[in-house]
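Heads up, work_29.pdb below (PDB, C-alpha atoms):
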ATOM      1  CA  MET U   1      58.298 -21.044   3.023
ATOM      2  CA  SER U   2      61.402 -19.550   4.658
ATOM      3  CA  LEU U   3      62.071 -22.857   6.356
ATOM      4  CA  LEU U   4      62.228 -24.583   2.997
ATOM      5  CA  PHE U   5      64.688 -22.013   1.647
ATOM      6  CA  LEU U   6      66.907 -22.457   4.692
ATOM      7  CA  ARG U   7      67.006 -26.210   4.273
ATOM      8  CA  LEU U   8      67.886 -26.232   0.593
ATOM      9  CA  PRO U   9      71.571 -25.236   1.021
ATOM     10  CA  LEU U  10      72.055 -28.223   3.332
ATOM     11  CA  LEU U  11      71.267 -30.440   0.380
ATOM     12  CA  ALA U  12      73.867 -28.866  -1.852
ATOM     13  CA  GLY U  13      76.191 -31.742  -1.265
ATOM     14  CA  ALA U  14      73.777 -34.077  -2.987
ATOM     15  CA  GLY U  15      74.330 -32.209  -6.216
ATOM     16  CA  LYS U  16      72.328 -30.092  -8.540
ATOM     17  CA  ARG U  17      69.670 -32.733  -9.083
ATOM     18  CA  VAL U  18      68.646 -32.547  -5.458
ATOM     19  CA  ALA U  19      68.467 -28.787  -5.597
ATOM     20  CA  TYR U  20      66.410 -28.984  -8.796
ATOM     21  CA  ALA U  21      64.128 -31.580  -7.250
ATOM     22  CA  GLY U  22      63.689 -29.369  -4.209
ATOM     23  CA  ALA U  23      62.944 -26.349  -6.357
ATOM     24  CA  ILE U  24      60.439 -28.266  -8.435
ATOM     25  CA  LEU U  25      58.817 -29.610  -5.292
ATOM     26  CA  PHE U  26      58.746 -26.121  -3.834
ATOM     27  CA  LEU U  27      57.099 -24.706  -6.934
ATOM     28  CA  ALA U  28      54.578 -27.509  -6.938
ATOM     29  CA  ILE U  29      53.815 -26.851  -3.297
ATOM     30  CA  GLN U  30      53.466 -23.161  -3.908
ATOM     31  CA  ALA U  31      50.955 -23.789  -6.703
ATOM     32  CA  ARG U  32      48.758 -25.888  -4.412
ATOM     33  CA  ALA U  33      48.379 -23.443  -1.544
ATOM     34  CA  ALA U  34      45.232 -21.354  -0.942
ATOM     35  CA  ASP U  35      43.862 -19.243   1.865
ATOM     36  CA  VAL U  36      40.369 -18.477   3.057
ATOM     37  CA  SER U  37      39.422 -15.601   5.284
ATOM     38  CA  VAL U  38      36.106 -14.463   6.707
ATOM     39  CA  LEU U  39      34.920 -10.894   6.724
ATOM     40  CA  GLY U  40      32.065 -10.187   9.062
ATOM     41  CA  VAL U  41      32.569 -12.055  12.300
ATOM     42  CA  PRO U  42      30.921 -12.916  14.589
ATOM     43  CA  TRP U  43      27.270 -13.238  13.696
ATOM     44  CA  THR U  44      24.667 -12.671  16.384
ATOM     45  CA  LEU U  45      20.909 -13.005  16.431
ATOM     46  CA  MET U  46      18.370 -12.164  19.115
ATOM     47  CA  VAL U  47      15.214 -14.295  18.970
ATOM     48  CA  GLY U  48      12.228 -12.911  20.820
ATOM     49  CA  THR U  49       8.597 -11.938  20.684
ATOM     50  CA  ALA U  50       9.035 -10.298  17.302
ATOM     51  CA  HIS U  51       9.803 -13.726  15.832
ATOM     52  CA  LEU U  52       6.465 -15.270  16.828
ATOM     53  CA  GLN U  53       4.392 -16.150  13.779
ATOM     54  CA  ALA U  54       1.416 -14.062  14.899
ATOM     55  CA  GLY U  55       1.882 -13.050  18.511
ATOM     56  CA  ALA U  56       0.581 -14.879  21.565
ATOM     57  CA  GLY U  57      -0.691 -18.356  20.886
ATOM     58  CA  THR U  58       1.637 -19.005  17.994
ATOM     59  CA  GLU U  59       5.035 -20.605  17.631
ATOM     60  CA  PHE U  60       8.253 -19.022  16.487
ATOM     61  CA  GLU U  61       8.584 -18.545  12.781
ATOM     62  CA  SER U  62      10.393 -21.275  10.925
ATOM     63  CA  PRO U  63      12.788 -20.415   9.543
ATOM     64  CA  ILE U  64      13.530 -17.673  12.005
ATOM     65  CA  VAL U  65      15.663 -15.950   9.394
ATOM     66  CA  SER U  66      16.447 -16.787   5.789
ATOM     67  CA  ASP U  67      18.641 -15.251   3.123
ATOM     68  CA  VAL U  68      20.313 -13.089   5.731
ATOM     69  CA  HIS U  69      23.886 -11.968   5.190
ATOM     70  CA  LEU U  70      26.304 -14.004   7.270
ATOM     71  CA  ALA U  71      29.766 -13.194   5.939
ATOM     72  CA  PHE U  72      31.972 -12.511   2.972
ATOM     73  CA  LEU U  73      34.586 -15.138   2.207
ATOM     74  CA  SER U  74      37.842 -14.323   0.508
ATOM     75  CA  ILE U  75      39.709 -17.155  -1.200
ATOM     76  CA  THR U  76      43.205 -16.085  -2.185
ATOM     77  CA  ASN U  77      46.693 -17.339  -3.002
ATOM     78  CA  THR U  78      45.272 -20.076  -5.171
ATOM     79  CA  GLY U  79      47.767 -19.464  -7.967
ATOM     80  CA  GLY U  80      44.908 -20.041 -10.370
ATOM     81  CA  ALA U  81      44.368 -23.572  -9.111
ATOM     82  CA  SER U  82      41.047 -25.265  -8.515
ATOM     83  CA  TRP U  83      39.870 -25.560  -4.934
ATOM     84  CA  ASN U  84      37.013 -26.879  -2.810
ATOM     85  CA  LEU U  85      35.487 -25.138   0.150
ATOM     86  CA  ARG U  86      34.173 -27.268   2.990
ATOM     87  CA  ILE U  87      32.156 -26.204   6.005
ATOM     88  CA  ALA U  88      31.544 -27.713   9.411
ATOM     89  CA  ARG U  89      30.317 -26.652  12.806
ATOM     90  CA  GLU U  90      32.435 -26.798  15.941
ATOM     91  CA  ASN U  91      32.018 -26.093  19.633
ATOM     92  CA  ALA U  92      28.353 -26.945  19.438
ATOM     93  CA  MET U  93      28.093 -29.071  22.580
ATOM     94  CA  GLN U  94      25.374 -26.845  24.029
ATOM     95  CA  TRP U  95      23.597 -26.289  20.742
ATOM     96  CA  PRO U  96      19.869 -27.076  21.127
ATOM     97  CA  ASP U  97      18.515 -30.203  19.488
ATOM     98  CA  GLY U  98      16.469 -29.591  16.401
ATOM     99  CA  VAL U  99      17.920 -26.192  15.632
ATOM    100  CA  SER U 100      19.770 -26.025  12.330
ATOM    101  CA  ILE U 101      21.983 -23.457  10.716
ATOM    102  CA  LEU U 102      22.090 -23.641   6.951
ATOM    103  CA  LEU U 103      24.407 -21.774   4.604
ATOM    104  CA  LYS U 104      24.471 -20.961   0.939
ATOM    105  CA  ARG U 105      26.290 -18.469  -1.227
ATOM    106  CA  SER U 106      24.374 -15.579  -2.673
ATOM    107  CA  GLY U 107      25.236 -16.231  -6.305
ATOM    108  CA  GLY U 108      26.067 -12.586  -6.779
ATOM    109  CA  SER U 109      27.987 -11.056  -9.630
ATOM    110  CA  GLY U 110      31.316 -11.635  -7.922
ATOM    111  CA  GLU U 111      30.783 -15.373  -7.863
ATOM    112  CA  ALA U 112      30.863 -16.165 -11.577
ATOM    113  CA  GLY U 113      32.532 -19.485 -12.239
ATOM    114  CA  LEU U 114      31.860 -21.008  -8.841
ATOM    115  CA  SER U 115      30.128 -24.366  -8.674
ATOM    116  CA  ASP U 116      27.513 -25.559  -6.197
ATOM    117  CA  GLY U 117      26.620 -23.811  -2.958
ATOM    118  CA  LEU U 118      23.440 -22.157  -4.207
ATOM    119  CA  SER U 119      21.142 -24.378  -2.142
ATOM    120  CA  TYR U 120      21.073 -24.261   1.634
ATOM    121  CA  LEU U 121      23.324 -26.808   3.302
ATOM    122  CA  ALA U 122      22.819 -27.648   6.976
ATOM    123  CA  LEU U 123      25.957 -27.455   9.075
ATOM    124  CA  THR U 124      27.066 -30.676  10.711
ATOM    125  CA  SER U 125      30.081 -31.609  12.750
ATOM    126  CA  ASP U 126      31.466 -33.429   9.727
ATOM    127  CA  PRO U 127      33.038 -31.192   7.072
ATOM    128  CA  GLN U 128      30.903 -31.075   3.951
ATOM    129  CA  ALA U 129      31.646 -29.855   0.455
ATOM    130  CA  PHE U 130      30.044 -26.427   0.086
ATOM    131  CA  PHE U 131      31.199 -24.983  -3.223
ATOM    132  CA  SER U 132      34.232 -25.023  -5.455
ATOM    133  CA  GLY U 133      36.029 -22.804  -7.896
ATOM    134  CA  THR U 134      39.230 -21.962  -9.680
ATOM    135  CA  GLY U 135      41.478 -19.035  -8.876
ATOM    136  CA  ASP U 136      41.042 -16.234  -6.382
ATOM    137  CA  TYR U 137      37.712 -14.779  -5.238
ATOM    138  CA  GLU U 138      37.724 -11.661  -3.136
ATOM    139  CA  SER U 139      34.169 -11.541  -1.899
ATOM    140  CA  VAL U 140      31.834 -14.517  -1.884
ATOM    141  CA  GLU U 141      28.739 -13.612   0.069
ATOM    142  CA  ILE U 142      27.410 -16.271   2.414
ATOM    143  CA  LEU U 143      23.750 -16.259   3.467
ATOM    144  CA  VAL U 144      22.268 -17.997   6.476
ATOM    145  CA  ARG U 145      18.995 -19.638   7.405
ATOM    146  CA  LEU U 146      18.045 -20.675  10.927
ATOM    147  CA  ASP U 147      15.477 -23.426  11.369
ATOM    148  CA  GLY U 148      13.900 -25.285  14.224
ATOM    149  CA  ILE U 149      13.550 -22.838  17.091
ATOM    150  CA  THR U 150      10.336 -23.520  18.986
ATOM    151  CA  THR U 151       8.911 -22.733  22.392
ATOM    152  CA  ALA U 152      10.603 -25.949  23.512
ATOM    153  CA  THR U 153      14.008 -24.438  22.729
ATOM    154  CA  ALA U 154      15.619 -23.318  25.942
ATOM    155  CA  ALA U 155      15.902 -19.582  26.383
ATOM    156  CA  GLY U 156      19.447 -18.310  26.661
ATOM    157  CA  LEU U 157      22.632 -18.044  24.657
ATOM    158  CA  HIS U 158      23.444 -20.737  22.113
ATOM    159  CA  SER U 159      26.801 -20.629  20.379
ATOM    160  CA  LEU U 160      28.766 -22.525  17.792
ATOM    161  CA  THR U 161      31.673 -21.954  15.462
ATOM    162  CA  ILE U 162      31.567 -22.328  11.701
ATOM    163  CA  ARG U 163      34.780 -23.537  10.116
ATOM    164  CA  TYR U 164      35.416 -22.754   6.476
ATOM    165  CA  ALA U 165      38.256 -24.792   4.940
ATOM    166  CA  VAL U 166      39.609 -24.371   1.434
ATOM    167  CA  GLU U 167      41.364 -27.365  -0.046
ATOM    168  CA  VAL U 168      43.385 -27.603  -3.212
ATOM    169  CA  PRO U 169      43.008 -31.105  -4.607
TER     170      PRO U 169
ATOM    171  CA  MET I   1      75.953 -48.684  -9.704
ATOM    172  CA  LYS I   2      76.930 -45.194  -8.637
ATOM    173  CA  HIS I   3      74.108 -43.827 -10.768
ATOM    174  CA  SER I   4      71.629 -46.014  -8.865
ATOM    175  CA  THR I   5      72.999 -44.821  -5.518
ATOM    176  CA  ASP I   6      72.648 -41.201  -6.582
ATOM    177  CA  ILE I   7      69.046 -41.770  -7.533
ATOM    178  CA  ARG I   8      68.335 -43.323  -4.152
ATOM    179  CA  ARG I   9      70.016 -40.410  -2.410
ATOM    180  CA  LEU I  10      68.094 -38.004  -4.556
ATOM    181  CA  ALA I  11      64.842 -39.700  -3.672
ATOM    182  CA  LEU I  12      65.758 -39.815  -0.005
ATOM    183  CA  ARG I  13      66.665 -36.152   0.156
ATOM    184  CA  ALA I  14      63.645 -35.135  -1.828
ATOM    185  CA  GLY I  15      61.648 -37.047   0.756
ATOM    186  CA  ILE I  16      63.420 -35.155   3.539
ATOM    187  CA  VAL I  17      62.544 -31.875   1.848
ATOM    188  CA  ALA I  18      58.921 -32.970   1.599
ATOM    189  CA  ALA I  19      58.881 -34.041   5.236
ATOM    190  CA  ILE I  20      60.352 -30.723   6.349
ATOM    191  CA  ALA I  21      57.896 -28.849   4.202
ATOM    192  CA  SER I  22      55.020 -30.917   5.534
ATOM    193  CA  ALA I  23      56.095 -30.401   9.124
ATOM    194  CA  SER I  24      56.289 -26.677   8.551
ATOM    195  CA  GLY I  25      52.771 -26.630   7.171
ATOM    196  CA  ILE I  26      53.759 -25.674   3.667
ATOM    197  CA  LEU I  27      52.465 -28.884   2.186
ATOM    198  CA  HIS I  28      49.026 -28.430   3.680
ATOM    199  CA  ALA I  29      46.730 -27.652   0.812
ATOM    200  CA  ALA I  30      43.904 -26.708   3.161
ATOM    201  CA  SER I  31      43.548 -23.374   4.889
ATOM    202  CA  SER I  32      40.685 -22.588   7.173
ATOM    203  CA  ALA I  33      38.969 -19.732   8.933
ATOM    204  CA  THR I  34      36.297 -19.689  11.586
ATOM    205  CA  GLN I  35      33.259 -17.619  12.422
ATOM    206  CA  ASP I  36      31.430 -17.584  15.722
ATOM    207  CA  VAL I  37      27.653 -17.636  15.799
ATOM    208  CA  ASP I  38      25.767 -16.480  18.889
ATOM    209  CA  ILE I  39      22.017 -16.870  19.084
ATOM    210  CA  THR I  40      20.163 -15.591  22.093
ATOM    211  CA  VAL I  41      16.664 -16.898  22.630
ATOM    212  CA  GLN I  42      14.884 -14.459  24.879
ATOM    213  CA  ASN I  43      12.250 -15.359  27.442
ATOM    214  CA  VAL I  44       8.882 -15.080  25.750
ATOM    215  CA  ASN I  45       5.722 -15.010  27.857
ATOM    216  CA  GLU I  46       2.904 -13.585  25.787
ATOM    217  CA  ILE I  47      -0.815 -13.628  26.402
ATOM    218  CA  SER I  48      -3.605 -11.989  24.486
ATOM    219  CA  VAL I  49      -7.355 -11.972  24.995
ATOM    220  CA  GLY I  50     -10.325 -11.450  22.714
ATOM    221  CA  THR I  51     -12.212  -8.259  22.197
ATOM    222  CA  THR I  52     -14.637  -6.663  24.617
ATOM    223  CA  VAL I  53     -17.220  -9.036  26.005
ATOM    224  CA  THR I  54     -20.764  -8.076  26.873
ATOM    225  CA  VAL I  55     -22.439  -9.987  29.681
ATOM    226  CA  ASN I  56     -26.159  -9.481  29.795
ATOM    227  CA  ILE I  57     -27.567 -10.128  33.234
ATOM    228  CA  ASN I  58     -31.062 -10.940  32.190
ATOM    229  CA  THR I  59     -31.722 -14.410  33.457
ATOM    230  CA  ALA I  60     -33.299 -15.003  36.776
ATOM    231  CA  VAL I  61     -34.650 -17.911  38.641
ATOM    232  CA  ALA I  62     -37.241 -17.124  41.244
ATOM    233  CA  GLY I  63     -35.489 -16.712  44.553
ATOM    234  CA  ALA I  64     -32.022 -16.259  43.058
ATOM    235  CA  ASN I  65     -30.066 -13.237  41.880
ATOM    236  CA  PRO I  66     -30.196 -12.425  38.164
ATOM    237  CA  SER I  67     -27.213 -13.717  36.223
ATOM    238  CA  GLY I  68     -25.659 -13.815  32.806
ATOM    239  CA  SER I  69     -22.737 -15.321  30.980
ATOM    240  CA  ALA I  70     -20.566 -14.826  27.951
ATOM    241  CA  THR I  71     -17.531 -16.390  26.376
ATOM    242  CA  SER I  72     -14.321 -15.104  24.950
ATOM    243  CA  ASN I  73     -10.931 -16.590  24.236
ATOM    244  CA  TYR I  74      -7.282 -16.122  24.908
ATOM    245  CA  SER I  75      -3.953 -17.217  23.489
ATOM    246  CA  ILE I  76      -0.668 -17.860  25.201
ATOM    247  CA  THR I  77       2.927 -18.513  24.174
ATOM    248  CA  THR I  78       5.678 -19.235  26.628
ATOM    249  CA  ASN I  79       9.109 -20.774  26.164
ATOM    250  CA  SER I  80       9.878 -20.755  29.842
ATOM    251  CA  ALA I  81      11.856 -23.635  31.274
ATOM    252  CA  THR I  82      10.061 -23.118  34.586
ATOM    253  CA  ALA I  83       6.323 -23.437  35.076
ATOM    254  CA  LYS I  84       4.173 -20.353  34.596
ATOM    255  CA  LYS I  85       0.674 -19.459  35.692
ATOM    256  CA  ILE I  86      -1.967 -16.985  34.644
ATOM    257  CA  THR I  87      -3.451 -14.678  37.191
ATOM    258  CA  ALA I  88      -6.547 -12.513  36.777
ATOM    259  CA  GLN I  89      -7.736  -9.441  38.642
ATOM    260  CA  LEU I  90     -10.147  -6.583  38.285
ATOM    261  CA  VAL I  91      -8.582  -3.222  37.554
ATOM    262  CA  SER I  92     -11.127  -1.601  39.869
ATOM    263  CA  ALA I  93     -13.795  -2.881  42.181
ATOM    264  CA  LEU I  94     -17.213  -3.698  40.803
ATOM    265  CA  THR I  95     -20.286  -1.801  41.774
ATOM    266  CA  THR I  96     -21.651  -3.130  45.011
ATOM    267  CA  GLY I  97     -23.977  -6.058  44.313
ATOM    268  CA  LEU I  98     -22.224  -7.185  41.127
ATOM    269  CA  THR I  99     -20.000 -10.276  40.890
ATOM    270  CA  LEU I 100     -17.875 -11.501  38.031
ATOM    271  CA  SER I 101     -16.151 -14.842  37.735
ATOM    272  CA  VAL I 102     -14.051 -16.492  35.040
ATOM    273  CA  ASN I 103     -13.193 -19.996  33.994
ATOM    274  CA  LEU I 104     -10.210 -20.349  31.681
ATOM    275  CA  GLN I 105      -9.535 -23.400  29.574
ATOM    276  CA  ALA I 106      -6.001 -24.586  30.246
ATOM    277  CA  PRO I 107      -3.492 -25.117  27.438
ATOM    278  CA  SER I 108      -2.199 -28.638  26.974
ATOM    279  CA  THR I 109       0.536 -28.112  29.538
ATOM    280  CA  GLY I 110      -1.465 -26.330  32.243
ATOM    281  CA  THR I 111      -4.212 -26.836  34.812
ATOM    282  CA  SER I 112      -7.342 -24.709  35.033
ATOM    283  CA  ALA I 113      -8.454 -23.389  38.395
ATOM    284  CA  GLY I 114     -12.076 -23.660  37.264
ATOM    285  CA  VAL I 115     -14.664 -21.019  38.063
ATOM    286  CA  THR I 116     -12.875 -18.262  39.948
ATOM    287  CA  PRO I 117     -14.477 -15.105  41.403
ATOM    288  CA  LEU I 118     -12.594 -11.955  40.505
ATOM    289  CA  THR I 119     -11.531  -9.200  42.830
ATOM    290  CA  THR I 120      -8.929  -6.474  42.665
ATOM    291  CA  ALA I 121      -6.408  -8.960  44.039
ATOM    292  CA  ALA I 122      -4.696 -11.304  41.616
ATOM    293  CA  VAL I 123      -5.964 -14.869  41.679
ATOM    294  CA  ASP I 124      -4.663 -17.933  39.870
ATOM    295  CA  VAL I 125      -6.829 -19.015  36.983
ATOM    296  CA  VAL I 126      -4.426 -21.415  35.200
ATOM    297  CA  THR I 127      -1.367 -22.980  36.783
ATOM    298  CA  SER I 128       1.509 -25.329  35.927
ATOM    299  CA  ILE I 129       1.981 -24.054  32.389
ATOM    300  CA  ASP I 130       5.080 -25.399  30.686
ATOM    301  CA  ALA I 131       6.453 -24.236  27.340
ATOM    302  CA  VAL I 132       3.544 -24.036  24.955
ATOM    303  CA  ALA I 133       1.987 -22.090  22.128
ATOM    304  CA  ALA I 134      -1.797 -22.342  22.227
ATOM    305  CA  GLY I 135      -4.474 -20.170  20.718
ATOM    306  CA  SER I 136      -8.254 -19.849  20.911
ATOM    307  CA  LEU I 137      -8.545 -21.154  24.451
ATOM    308  CA  SER I 138     -11.907 -20.370  25.985
ATOM    309  CA  ILE I 139     -12.727 -17.895  28.721
ATOM    310  CA  SER I 140     -16.148 -18.202  30.297
ATOM    311  CA  TYR I 141     -17.473 -15.153  32.142
ATOM    312  CA  ALA I 142     -20.355 -15.327  34.585
ATOM    313  CA  ALA I 143     -21.860 -12.322  36.328
ATOM    314  CA  THR I 144     -24.554 -11.857  38.896
ATOM    315  CA  ALA I 145     -26.296  -8.791  40.230
ATOM    316  CA  THR I 146     -28.379  -8.437  43.325
ATOM    317  CA  VAL I 147     -31.786  -6.900  42.983
ATOM    318  CA  ALA I 148     -30.333  -3.786  44.579
ATOM    319  CA  VAL I 149     -28.251  -3.106  41.486
ATOM    320  CA  ALA I 150     -29.991  -0.649  39.236
ATOM    321  CA  PRO I 151     -30.421  -1.711  35.619
ATOM    322  CA  ASN I 152     -27.588  -0.062  33.712
ATOM    323  CA  THR I 153     -24.371  -0.795  31.846
ATOM    324  CA  TYR I 154     -21.376  -1.395  34.077
ATOM    325  CA  SER I 155     -17.813  -1.836  32.888
ATOM    326  CA  ALA I 156     -15.156  -4.063  34.334
ATOM    327  CA  ASP I 157     -11.588  -4.424  33.136
ATOM    328  CA  VAL I 158      -9.827  -7.693  33.821
ATOM    329  CA  THR I 159      -6.072  -7.995  33.702
ATOM    330  CA  TYR I 160      -4.508 -11.357  32.872
ATOM    331  CA  THR I 161      -0.836 -11.813  33.658
ATOM    332  CA  VAL I 162       1.657 -14.595  33.029
ATOM    333  CA  VAL I 163       3.951 -15.020  36.012
ATOM    334  CA  ASP I 164       6.191 -17.683  37.523
ATOM    335  CA  ASP I 165       4.251 -20.492  39.148
ATOM    336  CA  SER I 166       6.178 -20.865  42.350
TER     337      SER I 166
END
Could the structure of this file be written out as structure tokens, please?
Amino acid sequence: MSLLFLRLPLLAGAGKRVAYAGAILFLAIQARAADVSVLGVPWTLMVGTAHLQAGAGTEFESPIVSDVHLAFLSITNTGGASWNLRIARENAMQWPDGVSILLKRSGGSGEAGLSDGLSYLALTSDPQAFFSGTGDYESVEILVRLDGITTATAAGLHSLTIRYAVEVP
Amino acid sequence: MKHSTDIRRLALRAGIVAAIASASGILHAASSATQDVDITVQNVNEISVGTTVTVNINTAVAGANPSGSATSNYSITTNSATAKKITAQLVSALTTGLTLSVNLQAPSTGTSAGVTPLTTAAVDVVTSIDAVAAGSLSISYAATATVAVAPNTYSADVTYTVVDDS
């Protein structure tokens, strides 16, 4: 924003109309900005014997976890505008085949007015529409489900990054 | 004519403002945040066996030692990337004159050693077990007693262990 203010005086020679156009453009830009932040990072899970369906002779539970708190999202600086939140996974080169992470929002009392996002959505490398809303939301709870871990899943550490992106159409 | 030039200049400079704003990131309507997810899958090598088995040594063929048999079952889950095996051993030595052997059914990924006499030293009973979850696999017990063994009830504890097959 400061960069824009610094540039405006350079346009003074073009007359008031330029300055007005710049101001209008600036205001329009300001109205279309929004920020998303994540509270509750990172998320870790240890999968072991306790996650077997019924001890020796049985597979891991599927899902391993469901409806478990993952994070709170804060969507701010919307200026009352409508926005869309998209999610994608990154840095998942070593992620085991067949194992899925799915997200949904909790639908809690602080989420009135939001649309979509109440059914689990599997993360993919391509950004997908998750949910949308209008105006600021301080605390949207995100829940996680983990599917697909079996005895064929290699033991060890598996990591990925979830990217949350808020877009103002 | 001058009016038209002014409009073009206005449009051009408005475009410059937009370009500057875009380059500075102000025009970006999207903001994003990231969250790392770490999942650790632990090594799981679990085995369980059925309840206490009673082997009645009450069958005899003339000229041979009396014998008896019984069956039980076991279950195994392993997610190991390297082959595992099951060993079996007696916790303590049997009374002199008694023998006990086992024959374990292998899971789909393993190989049974067949009928194997038990001692207090660990012996392989199933080998080459890859990642698998299998339940209700059979264990066949066979016992013999020489005629010198007095009729009585004798106990034997067998320990089954999942270890690396190397």
Next item on the list: Tell me, in Å to one decimal, how far CA of Leu160 in chain U is from CA of Gly55 in chain U.
Entry: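 Straight-line distance from CA of Leu160 in chain U to CA of Gly55 in chain U works out to 28.5 Å.
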Note to self: On this structure, the PyMOL selection byres ((chain I and resi 81) around 10) would catch which residues? List them as a PyMOL selection string, sorted by chain and number.
What the structure shows: (chain U and resi 151-155) or (chain I and resi 43+78-80+82-84+129-131)
Check: Nearest to chain U: which of I:Val37, I:Val149, I:Ala64, I:Ile86 is it, counting all atoms listed in the file?
Finding: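 Going through I:Val37, I:Val149, I:Ala64, I:Ile86 one by one, the smallest distance to chain U is for I:Val37.
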Check: Of the residues I:Thr54, I:Thr40, I:Gln105, I:Thr159, which is the one nearest to Thr127 in chain I, using all atoms listed in the file?
Finding: I:Gln105
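The smallest atom-to-atom distance between Ala33 in chain I and any of U:Ala56, U:Leu123, U:Ile162, U:Val168, using all atoms listed in the file, is found for U:Ile162.
Separating CA of Tyr74 in chain I from CA of Gly156 in chain U is a distance of 26.9 Å.
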Item checked: Residues matched by the PyMOL selection byres ((chain U and resi 107-122) around 12) as a ChimeraX atom specification -> /U:66-68,72-75,82-89,98-106,123-148,162
Margin query: Running the PyMOL selection byres ((chain I and resi 106-120) around 7) on this model by hand, what would come out? Give it as a list of chain:residue names.
Written below: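 On this input, the PyMOL selection byres ((chain I and resi 106-120) around 7) captures I:Gln89, I:Leu90, I:Val91, I:Ser92, I:Ala93, I:Leu100, I:Ser101, I:Val102, I:Asn103, I:Leu104, I:Gln105, I:Ala121, I:Ala122, I:Asp124, I:Val125, I:Val126, I:Thr127, I:Ser128, I:Ile129, I:Asp130, I:Val132, I:Ala134.
Of note, CA of Ala71 in chain U and CA of Arg163 in chain U are spaced 12.2 Å apart.
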